$ cat upload14.cif   # mmCIF, C-alpha atoms
data_upload
#
loop_
_atom_site.label_atom_id
_atom_site.label_comp_id
_atom_site.auth_asym_id
_atom_site.auth_seq_id
_atom_site.Cartn_x
_atom_site.Cartn_y
_atom_site.Cartn_z
CA MET R 1 -30.12 -91.26 31.61
CA ASN R 2 -26.41 -90.47 31.26
CA LYS R 3 -26.83 -90.24 27.49
CA LYS R 4 -29.67 -87.75 27.90
CA VAL R 5 -27.59 -85.57 30.26
CA GLY R 6 -24.61 -85.84 27.91
CA GLY R 7 -26.85 -84.76 25.05
CA ILE R 8 -27.67 -81.53 26.91
CA PHE R 9 -24.21 -80.67 28.19
CA LYS R 10 -22.35 -81.02 24.92
CA GLY R 11 -18.98 -79.56 24.05
CA ASP R 12 -15.72 -79.33 25.99
CA LYS R 13 -16.19 -81.02 29.38
CA VAL R 14 -13.43 -79.02 31.06
CA ILE R 15 -15.14 -75.75 30.07
CA TRP R 16 -18.35 -77.12 31.55
CA MET R 17 -16.59 -77.97 34.83
CA VAL R 18 -15.02 -74.49 35.05
CA PHE R 19 -18.41 -72.95 34.28
CA PHE R 20 -20.07 -75.08 36.98
CA PHE R 21 -17.54 -74.16 39.68
CA LEU R 22 -17.71 -70.45 38.84
CA CYS R 23 -21.52 -70.53 39.05
CA MET R 24 -21.46 -72.37 42.40
CA ILE R 25 -18.92 -69.93 43.84
CA SER R 26 -21.08 -67.09 42.54
CA ILE R 27 -24.25 -68.34 44.26
CA VAL R 28 -22.48 -68.88 47.61
CA GLU R 29 -20.48 -65.65 47.63
CA VAL R 30 -23.20 -63.38 46.26
CA PHE R 31 -25.54 -64.75 48.93
CA SER R 32 -22.95 -63.90 51.55
CA ALA R 33 -22.04 -60.50 50.08
CA SER R 34 -25.62 -59.28 49.62
CA SER R 35 -26.18 -58.29 53.25
CA GLY R 36 -26.56 -54.66 52.23
CA LEU R 37 -29.26 -55.54 49.72
CA THR R 38 -31.16 -57.73 52.17
CA TYR R 39 -31.04 -54.97 54.80
CA LYS R 40 -32.43 -52.37 52.40
CA SER R 41 -35.13 -54.62 50.94
CA HIS R 42 -36.01 -56.31 54.26
CA ASN R 43 -36.02 -59.53 52.24
CA TYR R 44 -33.38 -62.03 53.32
CA ILE R 45 -33.87 -64.54 50.53
CA GLY R 46 -35.00 -62.26 47.67
CA PRO R 47 -31.60 -61.13 46.27
CA ILE R 48 -30.12 -64.62 46.12
CA VAL R 49 -33.29 -66.07 44.57
CA TYR R 50 -33.07 -63.42 41.86
CA HIS R 51 -29.35 -64.09 41.30
CA THR R 52 -29.79 -67.86 41.23
CA SER R 53 -32.66 -67.48 38.77
CA THR R 54 -30.42 -65.31 36.59
CA ILE R 55 -27.69 -67.95 36.61
CA VAL R 56 -30.17 -70.73 35.79
CA PHE R 57 -31.49 -68.66 32.90
CA GLY R 58 -27.88 -67.98 31.85
CA VAL R 59 -27.17 -71.72 31.79
CA LEU R 60 -30.20 -72.20 29.55
CA VAL R 61 -28.87 -69.44 27.27
CA ALA R 62 -25.50 -71.22 27.17
CA ILE R 63 -27.17 -74.52 26.23
CA VAL R 64 -29.17 -72.86 23.45
CA THR R 65 -26.07 -71.06 22.15
CA LEU R 66 -23.87 -74.17 22.12
CA ASN R 67 -26.46 -75.92 19.94
CA ILE R 68 -26.02 -73.28 17.23
CA PRO R 69 -23.25 -74.37 14.84
CA CYS R 70 -20.48 -71.79 15.12
CA ARG R 71 -20.50 -71.05 11.38
CA TYR R 72 -23.94 -69.46 11.79
CA PHE R 73 -22.65 -66.87 14.25
CA LYS R 74 -21.48 -64.84 11.25
CA LEU R 75 -25.10 -64.25 10.29
CA PHE R 76 -25.74 -62.37 13.53
CA THR R 77 -22.92 -59.85 13.05
CA PRO R 78 -24.79 -57.14 11.03
CA PHE R 79 -27.77 -57.22 13.39
CA LEU R 80 -25.56 -57.09 16.49
CA ILE R 81 -23.56 -54.17 15.08
CA LEU R 82 -26.78 -52.26 14.38
CA LEU R 83 -28.12 -53.10 17.86
CA SER R 84 -24.84 -52.10 19.55
CA VAL R 85 -24.55 -48.74 17.78
CA THR R 86 -28.22 -47.91 18.40
CA THR R 87 -28.12 -48.76 22.10
CA LEU R 88 -24.74 -47.09 22.71
CA LEU R 89 -26.05 -43.85 21.20
CA TRP R 90 -29.32 -44.26 23.08
CA VAL R 91 -27.57 -44.68 26.45
CA LEU R 92 -25.61 -41.45 25.89
CA VAL R 93 -28.84 -39.54 25.36
CA ALA R 94 -31.26 -41.22 27.75
CA GLY R 95 -29.24 -43.64 29.86
CA THR R 96 -30.17 -44.39 33.46
CA LYS R 97 -27.54 -42.92 35.73
CA VAL R 98 -26.05 -44.71 38.74
CA GLY R 99 -23.72 -42.29 40.45
CA ASP R 100 -22.25 -40.12 37.70
CA ALA R 101 -22.25 -42.83 35.03
CA GLY R 102 -25.15 -43.39 32.62
CA ARG R 103 -24.41 -46.93 31.49
CA TRP R 104 -27.85 -48.56 31.72
CA LEU R 105 -30.92 -48.59 29.53
CA ASN R 106 -34.38 -49.35 30.85
CA PHE R 107 -36.48 -51.09 28.21
CA PHE R 108 -39.99 -52.10 29.34
CA GLY R 109 -38.71 -52.65 32.88
CA PHE R 110 -35.68 -54.63 31.67
CA THR R 111 -32.38 -52.92 32.53
CA PHE R 112 -29.21 -53.72 30.62
CA GLN R 113 -25.80 -52.28 29.72
CA PRO R 114 -25.30 -51.80 25.96
CA SER R 115 -21.54 -52.09 26.45
CA GLU R 116 -21.97 -55.78 27.39
CA ILE R 117 -23.54 -56.47 23.99
CA ALA R 118 -21.02 -54.27 22.17
CA LYS R 119 -18.00 -56.11 23.60
CA GLY R 120 -19.05 -59.47 22.18
CA THR R 121 -20.14 -57.85 18.92
CA VAL R 122 -16.72 -56.29 18.37
CA VAL R 123 -14.97 -59.60 19.12
CA LEU R 124 -17.30 -61.40 16.68
CA ALA R 125 -16.70 -58.80 13.94
CA VAL R 126 -12.91 -58.80 14.43
CA ALA R 127 -12.85 -62.61 14.27
CA GLN R 128 -14.70 -62.46 10.95
CA ILE R 129 -12.38 -59.83 9.49
CA LEU R 130 -9.23 -61.68 10.56
CA SER R 131 -10.50 -64.99 9.21
CA ALA R 132 -11.66 -63.51 5.89
CA MET R 133 -8.38 -61.67 5.28
CA GLN R 134 -5.87 -64.35 6.25
CA ARG R 135 -3.13 -65.03 3.72
CA ASP R 136 -0.33 -67.58 3.60
CA ASN R 137 2.05 -65.20 5.40
CA GLY R 138 -0.47 -63.76 7.87
CA ALA R 139 -3.29 -61.25 7.79
CA ASP R 140 -3.68 -58.89 4.83
CA LYS R 141 -2.51 -55.39 5.71
CA ASN R 142 -6.00 -54.05 4.94
CA ALA R 143 -7.43 -56.15 7.80
CA PHE R 144 -5.88 -53.66 10.23
CA LYS R 145 -7.86 -50.80 8.69
CA TRP R 146 -11.19 -52.63 8.73
CA ILE R 147 -10.72 -53.76 12.31
CA LEU R 148 -10.06 -50.19 13.45
CA TRP R 149 -13.16 -48.98 11.57
CA ILE R 150 -15.20 -51.34 13.76
CA THR R 151 -13.30 -51.00 17.03
CA ILE R 152 -12.59 -47.28 17.40
CA PRO R 153 -16.22 -46.02 17.14
CA ALA R 154 -17.34 -48.71 19.60
CA CYS R 155 -14.56 -47.87 22.07
CA VAL R 156 -15.27 -44.14 21.83
CA LEU R 157 -19.00 -44.60 22.46
CA ILE R 158 -18.32 -46.96 25.37
CA GLY R 159 -15.49 -44.84 26.76
CA LEU R 160 -17.59 -41.72 27.26
CA GLU R 161 -19.41 -43.50 30.10
CA ASN R 162 -17.13 -46.46 30.88
CA LEU R 163 -13.47 -45.77 30.19
CA SER R 164 -12.15 -48.99 31.75
CA THR R 165 -14.40 -51.18 29.57
CA SER R 166 -13.33 -49.25 26.48
CA ALA R 167 -9.63 -49.69 27.30
CA MET R 168 -10.12 -53.38 28.06
CA LEU R 169 -11.96 -53.97 24.78
CA PHE R 170 -9.23 -52.25 22.79
CA ALA R 171 -6.58 -54.37 24.54
CA ILE R 172 -8.50 -57.55 23.61
CA VAL R 173 -8.77 -56.48 19.97
CA PHE R 174 -5.04 -55.69 19.94
CA LEU R 175 -4.24 -59.19 21.22
CA MET R 176 -6.58 -60.71 18.64
CA MET R 177 -4.72 -58.82 15.90
CA PHE R 178 -1.41 -60.04 17.33
CA PHE R 179 -2.57 -63.67 17.33
CA GLY R 180 -4.16 -63.08 13.91
CA LEU R 181 -0.72 -62.21 12.49
CA VAL R 182 -1.52 -58.60 11.61
CA PRO R 183 1.81 -57.05 10.45
CA LEU R 184 3.94 -56.06 13.45
CA ARG R 185 4.79 -52.77 11.79
CA GLN R 186 1.14 -51.74 11.88
CA LEU R 187 0.77 -52.89 15.49
CA GLY R 188 3.91 -50.95 16.46
CA LYS R 189 2.50 -47.75 14.97
CA LEU R 190 -0.76 -48.38 16.81
CA VAL R 191 1.08 -48.76 20.13
CA ALA R 192 2.83 -45.42 19.56
CA ILE R 193 -0.46 -43.68 18.73
CA ILE R 194 -2.18 -45.23 21.77
CA ALA R 195 0.67 -44.09 24.03
CA PHE R 196 0.37 -40.53 22.72
CA MET R 197 -3.43 -40.52 23.03
CA GLY R 198 -3.19 -42.04 26.51
CA ILE R 199 -0.90 -39.27 27.68
CA PHE R 200 -3.22 -36.69 26.10
CA ALA R 201 -6.33 -38.25 27.69
CA ILE R 202 -4.75 -38.40 31.16
CA SER R 203 -3.60 -34.80 30.78
CA MET R 204 -7.14 -33.70 29.85
CA ILE R 205 -8.58 -35.62 32.80
CA LEU R 206 -6.15 -33.99 35.21
CA ILE R 207 -6.84 -30.53 33.72
CA VAL R 208 -10.63 -30.72 33.38
CA GLY R 209 -11.43 -32.90 36.38
CA HIS R 210 -11.77 -31.68 39.94
CA ASP R 211 -10.02 -33.48 42.77
CA THR R 212 -12.89 -35.15 44.65
CA THR R 213 -10.44 -36.43 47.24
CA GLN R 214 -10.45 -32.98 48.83
CA ASP R 215 -12.60 -32.32 51.87
CA ASP R 216 -16.15 -31.13 51.36
CA GLN R 217 -15.37 -27.52 52.22
CA GLN R 218 -12.58 -27.24 49.69
CA LEU R 219 -14.65 -29.12 47.11
CA ALA R 220 -17.50 -26.67 47.54
CA LYS R 221 -15.14 -23.78 46.82
CA THR R 222 -13.58 -25.52 43.84
CA GLU R 223 -16.79 -26.64 42.13
CA GLN R 224 -19.02 -23.78 43.35
CA ILE R 225 -21.74 -26.19 44.46
CA ASP R 226 -24.01 -23.37 45.63
CA GLN R 227 -23.77 -21.64 42.26
CA PRO R 228 -23.02 -24.28 39.64
CA LYS R 229 -21.53 -22.93 36.47
CA LYS R 230 -22.56 -24.01 33.01
CA LYS R 231 -20.19 -26.60 31.55
CA ASN R 232 -18.50 -26.01 28.22
CA ALA R 233 -18.22 -28.59 25.42
CA ILE R 234 -14.95 -30.07 26.71
CA GLU R 235 -16.32 -30.44 30.23
CA LYS R 236 -19.46 -32.14 28.87
CA MET R 237 -17.34 -34.61 26.91
CA PHE R 238 -15.24 -35.30 30.00
CA HIS R 239 -18.19 -35.20 32.40
CA ARG R 240 -16.74 -38.19 34.28
CA ALA R 241 -13.31 -36.54 34.58
CA ASP R 242 -13.86 -35.90 38.29
CA THR R 243 -14.26 -39.62 38.96
CA TRP R 244 -11.35 -40.59 36.71
CA LYS R 245 -9.07 -37.97 38.26
CA SER R 246 -9.85 -39.03 41.82
CA ARG R 247 -9.14 -42.67 40.94
CA ILE R 248 -5.81 -41.77 39.35
CA LEU R 249 -4.76 -39.62 42.30
CA LYS R 250 -5.84 -42.21 44.86
CA PHE R 251 -3.93 -44.97 43.06
CA ARG R 252 -0.67 -43.05 42.68
CA LYS R 253 -0.56 -41.46 46.14
CA ASP R 254 2.10 -42.53 48.61
CA GLU R 255 1.46 -45.28 51.12
CA VAL R 256 -0.60 -44.04 54.04
CA ALA R 257 -0.02 -45.25 57.59
CA PRO R 258 -2.96 -47.33 58.95
CA GLN R 259 -3.72 -44.81 61.69
CA ASP R 260 -3.87 -41.97 59.13
CA TYR R 261 -6.14 -43.77 56.64
CA ASP R 262 -9.47 -42.06 55.98
CA LEU R 263 -12.13 -44.79 55.95
CA ASP R 264 -14.80 -42.34 54.78
CA LYS R 265 -13.04 -41.10 51.63
CA ASP R 266 -11.47 -44.43 50.60
CA ALA R 267 -14.06 -46.81 52.03
CA GLN R 268 -14.09 -49.36 49.19
CA VAL R 269 -10.32 -49.76 48.95
CA ALA R 270 -9.87 -49.64 52.73
CA HIS R 271 -12.44 -52.32 53.54
CA ALA R 272 -11.23 -54.49 50.65
CA ASN R 273 -7.73 -54.35 52.16
CA ILE R 274 -9.10 -55.19 55.61
CA ALA R 275 -10.96 -58.19 54.16
CA ILE R 276 -7.79 -59.48 52.51
CA VAL R 277 -5.58 -58.96 55.57
CA ALA R 278 -8.12 -60.72 57.83
CA SER R 279 -8.45 -63.77 55.56
CA GLY R 280 -5.54 -66.05 56.43
CA ILE R 281 -4.77 -69.27 54.56
CA VAL R 282 -8.24 -70.85 54.59
CA GLY R 283 -10.35 -67.77 55.36
CA LYS R 284 -13.18 -67.27 57.82
CA GLY R 285 -15.52 -69.65 56.05
CA PRO R 286 -18.47 -69.11 53.66
CA GLY R 287 -20.96 -66.60 55.01
CA GLN R 288 -18.61 -65.32 57.72
CA SER R 289 -17.42 -62.10 56.05
CA VAL R 290 -17.39 -58.95 58.16
CA GLU R 291 -16.39 -56.42 55.50
CA ARG R 292 -19.37 -57.23 53.28
CA ASP R 293 -21.39 -54.92 55.55
CA PHE R 294 -19.07 -52.00 54.75
CA LEU R 295 -18.32 -52.52 51.06
CA ALA R 296 -20.94 -50.83 48.86
CA GLN R 297 -20.18 -53.16 45.92
CA ALA R 298 -19.32 -56.29 47.90
CA PHE R 299 -21.50 -58.44 45.61
CA SER R 300 -20.13 -56.94 42.39
CA ASP R 301 -16.92 -54.96 41.88
CA PHE R 302 -15.25 -56.13 45.12
CA ILE R 303 -16.59 -59.66 45.41
CA TYR R 304 -13.07 -61.06 45.00
CA ALA R 305 -12.10 -59.37 48.29
CA ILE R 306 -15.04 -61.15 49.98
CA ILE R 307 -13.93 -64.44 48.39
CA ILE R 308 -10.45 -63.95 49.85
CA GLU R 309 -11.87 -63.06 53.28
CA GLU R 310 -14.13 -66.11 53.40
CA LEU R 311 -12.15 -68.71 51.46
CA GLY R 312 -8.64 -67.46 52.18
CA ILE R 313 -5.60 -67.63 49.94
CA VAL R 314 -6.54 -71.18 48.94
CA GLY R 315 -9.97 -70.13 47.68
CA ALA R 316 -8.59 -67.04 45.94
CA ALA R 317 -5.95 -69.15 44.18
CA PHE R 318 -8.62 -71.66 43.13
CA VAL R 319 -10.66 -68.89 41.46
CA VAL R 320 -7.56 -67.66 39.61
CA PHE R 321 -6.83 -71.27 38.59
CA LEU R 322 -10.33 -71.62 37.11
CA TYR R 323 -9.83 -68.59 34.85
CA ILE R 324 -6.38 -69.83 33.81
CA ILE R 325 -7.88 -73.21 32.87
CA LEU R 326 -10.64 -71.43 30.94
CA LEU R 327 -8.09 -69.48 28.89
CA TYR R 328 -5.94 -72.58 28.37
CA ARG R 329 -8.89 -74.62 27.11
CA CYS R 330 -9.91 -71.80 24.77
CA ALA R 331 -6.38 -71.77 23.36
CA ARG R 332 -6.49 -75.54 23.02
CA ILE R 333 -9.83 -75.46 21.22
CA ALA R 334 -8.56 -72.69 18.91
CA SER R 335 -5.43 -74.67 18.05
CA ARG R 336 -7.55 -77.65 16.95
CA CYS R 337 -9.82 -75.65 14.62
CA GLU R 338 -9.23 -76.17 10.93
CA ASN R 339 -10.92 -72.90 9.97
CA ASN R 340 -9.78 -69.47 11.14
CA PHE R 341 -13.10 -67.92 12.17
CA PRO R 342 -13.97 -70.27 15.06
CA ALA R 343 -10.35 -70.19 16.24
CA PHE R 344 -10.27 -66.38 16.42
CA LEU R 345 -13.75 -66.25 17.95
CA VAL R 346 -13.01 -68.67 20.78
CA MET R 347 -9.72 -66.92 21.60
CA GLY R 348 -11.38 -63.51 21.55
CA LEU R 349 -14.18 -64.61 23.88
CA GLY R 350 -11.71 -66.37 26.18
CA LEU R 351 -9.58 -63.22 26.39
CA LEU R 352 -12.70 -61.12 26.98
CA LEU R 353 -13.71 -63.15 30.04
CA VAL R 354 -10.24 -63.69 31.50
CA ILE R 355 -8.88 -60.16 31.02
CA GLN R 356 -11.99 -58.69 32.65
CA ALA R 357 -11.55 -61.12 35.55
CA THR R 358 -7.90 -60.05 35.82
CA PHE R 359 -8.90 -56.38 35.97
CA ASN R 360 -11.43 -57.09 38.71
CA MET R 361 -9.03 -59.13 40.84
CA MET R 362 -6.21 -56.61 40.46
CA VAL R 363 -8.54 -53.84 41.68
CA ALA R 364 -9.65 -55.93 44.66
CA VAL R 365 -6.07 -56.53 45.83
CA GLY R 366 -4.93 -52.95 45.16
CA LEU R 367 -2.81 -53.55 42.03
CA ALA R 368 -4.97 -51.34 39.79
CA PRO R 369 -7.16 -48.25 40.25
CA VAL R 370 -10.88 -48.82 40.84
CA THR R 371 -12.51 -49.49 37.46
CA GLY R 372 -16.01 -50.80 38.17
CA GLN R 373 -15.49 -54.09 36.33
CA PRO R 374 -17.49 -57.04 37.73
CA LEU R 375 -15.95 -60.49 38.07
CA PRO R 376 -17.31 -62.50 35.09
CA LEU R 377 -19.68 -65.35 36.00
CA ILE R 378 -19.24 -64.64 39.74
CA SER R 379 -20.35 -61.07 40.46
CA LYS R 380 -24.05 -60.37 40.87
CA GLY R 381 -25.48 -59.12 37.61
CA GLY R 382 -28.40 -59.26 35.24
CA THR R 383 -27.52 -58.80 31.59
CA SER R 384 -23.79 -59.14 32.25
CA THR R 385 -24.28 -62.61 33.76
CA ILE R 386 -26.58 -63.76 30.95
CA ILE R 387 -24.32 -62.41 28.21
CA ASN R 388 -21.23 -63.97 29.81
CA CYS R 389 -23.12 -67.28 29.83
CA ALA R 390 -23.84 -66.75 26.13
CA TYR R 391 -20.08 -66.30 25.59
CA ILE R 392 -19.48 -69.63 27.33
CA GLY R 393 -22.13 -71.17 25.09
CA ALA R 394 -20.36 -69.81 22.00
CA ILE R 395 -17.05 -71.25 23.20
CA LEU R 396 -18.74 -74.63 23.76
CA SER R 397 -20.32 -74.38 20.31
CA VAL R 398 -16.90 -73.97 18.74
CA SER R 399 -15.56 -76.93 20.73
CA ARG R 400 -18.52 -79.02 19.55
CA SER R 401 -19.16 -77.96 15.97
CA ALA R 402 -15.96 -76.45 14.56
CA LYS R 403 -14.19 -78.58 12.00
CA VAL R 404 -11.11 -80.20 13.51
CA LYS R 405 -7.72 -80.14 11.80
CA LYS R 406 -6.92 -83.16 9.68
CA GLU R 407 -4.04 -84.13 11.93
CA GLU R 408 -6.50 -84.45 14.82
CA ASN R 409 -8.86 -86.58 12.73
CA ILE R 410 -6.01 -88.82 11.65
CA GLY R 411 -4.90 -89.18 15.24
CA LYS R 412 -8.40 -90.19 16.30
CA SER R 413 -8.72 -92.77 13.52
CA MET R 414 -5.37 -94.45 14.28
CA PRO R 415 -5.55 -97.60 16.41
CA GLN R 416 -4.48 -97.15 20.01
#

$ encode --input "upload14.cif" --output "structure tokens"
Amino acid sequence: MNKKVGGIFKGDKVIWMVFFFLCMISIVEVFSASSGLTYKSHNYIGPIVYHTSTIVFGVLVAIVTLNIPCRYFKLFTPFLILLSVTTLLWVLVAGTKVGDAGRWLNFFGFTFQPSEIAKGTVVLAVAQILSAMQRDNGADKNAFKWILWITIPACVLIGLENLSTSAMLFAIVFLMMFFGLVPLRQLGKLVAIIAFMGIFAISMILIVGHDTTQDDQQLAKTEQIDQPKKKNAIEKMFHRADTWKSRILKFRKDEVAPQDYDLDKDAQVAHANIAIVASGIVGKGPGQSVERDFLAQAFSDFIYAIIIEELGIVGAAFVVFLYIILLYRCARIASRCENNFPAFLVMGLGLLLVIQATFNMMVAVGLAPVTGQPLPLISKGGTSTIINCAYIGAILSVSRSAKVKKEENIGKSMPQ
């Protein structure tokens, strides 16, 4: 029986344990944080049944993926690039809007975010380029050019609807190039260009965007709600500038006294702060959150605040520890790979999951502006949960099927 179970759950056992704990935390905390969904649907058990089913399906996807030898992942790259470009263009034209962001596609009743597919595709393509163009003294200088040809179009298409995801993806690619020994001179020039473009982008956001933190009366005068004007080309390109500007202004404003805080305008941040302050060392206990009823995205973007409220500092630290272990194991697996492609792939996927988790947790505790990034493998999600499970499967595939360095093989064959 144990052999049969071991035959299913192959690969790095520590990764499996981290994956298991994250999934269990997800089921418990999403169930607790979905009070708003249960109230609207009048179905107490429906949302958690759907989420649990999604996780179970995601585990099956991970098992299927880990059984694919990692060398075959290269074969999927052209098809994934074509799929990513097609869906990213499609979502710009006919995407389903939630709020002011059109990030979702509805395909025969199945809703998904093309950016989730594009992130993994870019990491896969960059890993291939870095591995194919490695030399004795590091990556060939032409690798930098080819990587940018893949990354920049993807980041631009993603960034028009989801700026935070675009910035995060570019940061991951930059780190992959750093670990892939791309010449530091090229990376230095890239940092300078990014800094200039970042200043330009923020300036355009502050110029084009309207301050939605103003009261409704002033906002009506500013945006002429009664008589909306036709937007020019720049305003269409920066159609989410209002949201971006309000997030920037909210994040950089001076500290507000508790009695002066506006719970209506800054509801998400305010109730996340209340949840954290009310947590204590061990929290209120699973299912005992109060702020879940006031946080619109308690089961997604702000689920870490609910985790802190219910599980306390101890539970919050445990979640952080799980992601640290995940990144450490990815680095360990990469260091043992004899070939470059699986090493770069596993590090890229590890960075993708952990950096997104870091963004989410920093937002929840007020260290970063609101970005709309879910907490990987914990937040409620459909395609994002399944695709993150596929990433875990790919990491496990590398740990299982990648050729190990000769030193490791020698060490294993030596008598103990």

$ residues_near_point --input "upload14.cif" --point "(-14.9, -63.3, 15.9)" --cutoff "8 Å" --atoms "all atoms listed in the file" --output "ChimeraX atom specification"
/R:122-130,341-342,344-346,348

$ write_last_selection --input "upload14.cif" --atoms "C-alpha atoms" --output "PDB file, in the coordinates of the input"
ATOM      1  CA  VAL R 122     -16.720 -56.290  18.370  1.00  0.00           C
ATOM      2  CA  VAL R 123     -14.970 -59.600  19.120  1.00  0.00           C
ATOM      3  CA  LEU R 124     -17.300 -61.400  16.680  1.00  0.00           C
ATOM      4  CA  ALA R 125     -16.700 -58.800  13.940  1.00  0.00           C
ATOM      5  CA  VAL R 126     -12.910 -58.800  14.430  1.00  0.00           C
ATOM      6  CA  ALA R 127     -12.850 -62.610  14.270  1.00  0.00           C
ATOM      7  CA  GLN R 128     -14.700 -62.460  10.950  1.00  0.00           C
ATOM      8  CA  ILE R 129     -12.380 -59.830   9.490  1.00  0.00           C
ATOM      9  CA  LEU R 130      -9.230 -61.680  10.560  1.00  0.00           C
ATOM     10  CA  PHE R 341     -13.100 -67.920  12.170  1.00  0.00           C
ATOM     11  CA  PRO R 342     -13.970 -70.270  15.060  1.00  0.00           C
ATOM     12  CA  PHE R 344     -10.270 -66.380  16.420  1.00  0.00           C
ATOM     13  CA  LEU R 345     -13.750 -66.250  17.950  1.00  0.00           C
ATOM     14  CA  VAL R 346     -13.010 -68.670  20.780  1.00  0.00           C
ATOM     15  CA  GLY R 348     -11.380 -63.510  21.550  1.00  0.00           C
TER      16      GLY R 348
END

$ resolve_selection --input "upload14.cif" --expression "the PyMOL selection byres ((chain R and resi 69) around 9)" --output "short mmCIF file (atom, residue, chain, number, x, y, z; two decimals) with C-alpha atoms, in the frame of the given file"
data_model
loop_
_atom_site.label_atom_id
_atom_site.label_comp_id
_atom_site.auth_asym_id
_atom_site.auth_seq_id
_atom_site.Cartn_x
_atom_site.Cartn_y
_atom_site.Cartn_z
CA THR R 65 -26.07 -71.06 22.15
CA LEU R 66 -23.87 -74.17 22.12
CA ASN R 67 -26.46 -75.92 19.94
CA ILE R 68 -26.02 -73.28 17.23
CA CYS R 70 -20.48 -71.79 15.12
CA ARG R 71 -20.50 -71.05 11.38
CA TYR R 72 -23.94 -69.46 11.79
CA PHE R 73 -22.65 -66.87 14.25
CA ALA R 394 -20.36 -69.81 22.00
CA SER R 397 -20.32 -74.38 20.31
CA VAL R 398 -16.90 -73.97 18.74
CA ARG R 400 -18.52 -79.02 19.55
CA SER R 401 -19.16 -77.96 15.97
CA ALA R 402 -15.96 -76.45 14.56
#

$ closest_residue --input "upload14.cif" --among "R:Val290, R:Ile281, R:Ile147, R:Met347" --to "Ala317 of chain R" --atoms "all atoms listed in the file"
R:Ile281

$ resolve_selection --input "upload14.cif" --expression "the PyMOL selection byres ((chain R and resi 298-301) around 10)" --output "VMD selection string"
chain R and resid 26 29 to 37 268 271 to 272 291 to 297 302 to 307 360 to 361 363 to 364 370 to 376 378 to 381

$ resolve_selection --input "upload14.cif" --expression "the PyMOL selection byres ((chain R and resi 172) around 9)" --output "list in words"
Val123, Ala167, Met168, Leu169, Phe170, Ala171, Val173, Phe174, Leu175, Met176, Met177, Gly348, Leu351, Leu352 and Ile355 of chain R

$ residues_around --input "upload14.cif" --residues "Val59 of chain R" --least-positions-apart "3" --cutoff "9 Å" --atoms "all atoms listed in the file" --output "list in words"
Thr54, Ile55, Val56, Ala62, Ile63, Val64, Ile386, Cys389, Ala390 and Gly393 of chain R

$ write_last_selection --input "upload14.cif" --atoms "C-alpha atoms" --output "CSV table (one decimal), in the coordinates of the input"
chain,number,residue,atom,x,y,z
R,54,THR,CA,-30.4,-65.3,36.6
R,55,ILE,CA,-27.7,-68.0,36.6
R,56,VAL,CA,-30.2,-70.7,35.8
R,62,ALA,CA,-25.5,-71.2,27.2
R,63,ILE,CA,-27.2,-74.5,26.2
R,64,VAL,CA,-29.2,-72.9,23.4
R,386,ILE,CA,-26.6,-63.8,31.0
R,389,CYS,CA,-23.1,-67.3,29.8
R,390,ALA,CA,-23.8,-66.8,26.1
R,393,GLY,CA,-22.1,-71.2,25.1

$ atom_distance --input "upload14.cif" --atom1 "atom CA of Glu161 of chain R" --atom2 "atom CA of Ser115 of chain R"
9.6 Å

$ atom_distance --input "upload14.cif" --atom1 "atom CA of Val14 of chain R" --atom2 "atom CA of Leu75 of chain R"
28.0 Å

$ closest_residue --input "upload14.cif" --among "R:Met133, R:Ala357, R:Leu148, R:Val85" --to "Gly180 of chain R" --atoms "all atoms listed in the file"
R:Met133

$ atom_distance --input "upload14.cif" --atom1 "atom CA of Glu338 of chain R" --atom2 "atom CA of Trp16 of chain R"
22.6 Å

$ closest_residue --input "upload14.cif" --among "R:Phe200, R:Phe76, R:Tyr323, R:Phe112" --to "Leu88 of chain R" --atoms "all atoms listed in the file"
R:Phe112

$ closest_residue --input "upload14.cif" --among "R:Met17, R:Ile81, R:Asn106, R:Ile194" --to "Pro153 of chain R" --atoms "all atoms listed in the file"
R:Ile81

$ residues_around --input "upload14.cif" --residues "Cys337 of chain R" --least-positions-apart "6" --cutoff "8 Å" --atoms "all atoms listed in the file" --output "list of chain:residue names"
R:Ala343, R:Ala402, R:Lys403, R:Val404, R:Lys405

$ closest_residue --input "upload14.cif" --among "R:Ala334, R:Leu181, R:Ala118, R:Ile158" --to "Asp136 of chain R" --atoms "only C-alpha atoms"
R:Leu181

$ residues_around --input "upload14.cif" --residues "Leu157 of chain R" --least-positions-apart "4" --cutoff "12 Å" --atoms "only C-alpha atoms" --output "ChimeraX atom specification"
/R:84-93,102-103,114-115,118-119,150-153,161-163,165-167,169,237

$ axis_aligned_box --input "upload14.cif" --around "segment 392-402 of chain R" --padding-each-side "4 Å" --output "JSON"
{"center_x": -18.8, "center_y": -74.3, "center_z": 20.9, "size_x": 14.6, "size_y": 17.4, "size_z": 20.8}

$ closest_residue --input "upload14.cif" --among "R:Gly198, R:Gly280, R:Gly58, R:Cys155" --to "Gly382 of chain R" --atoms "all atoms listed in the file"
R:Gly58
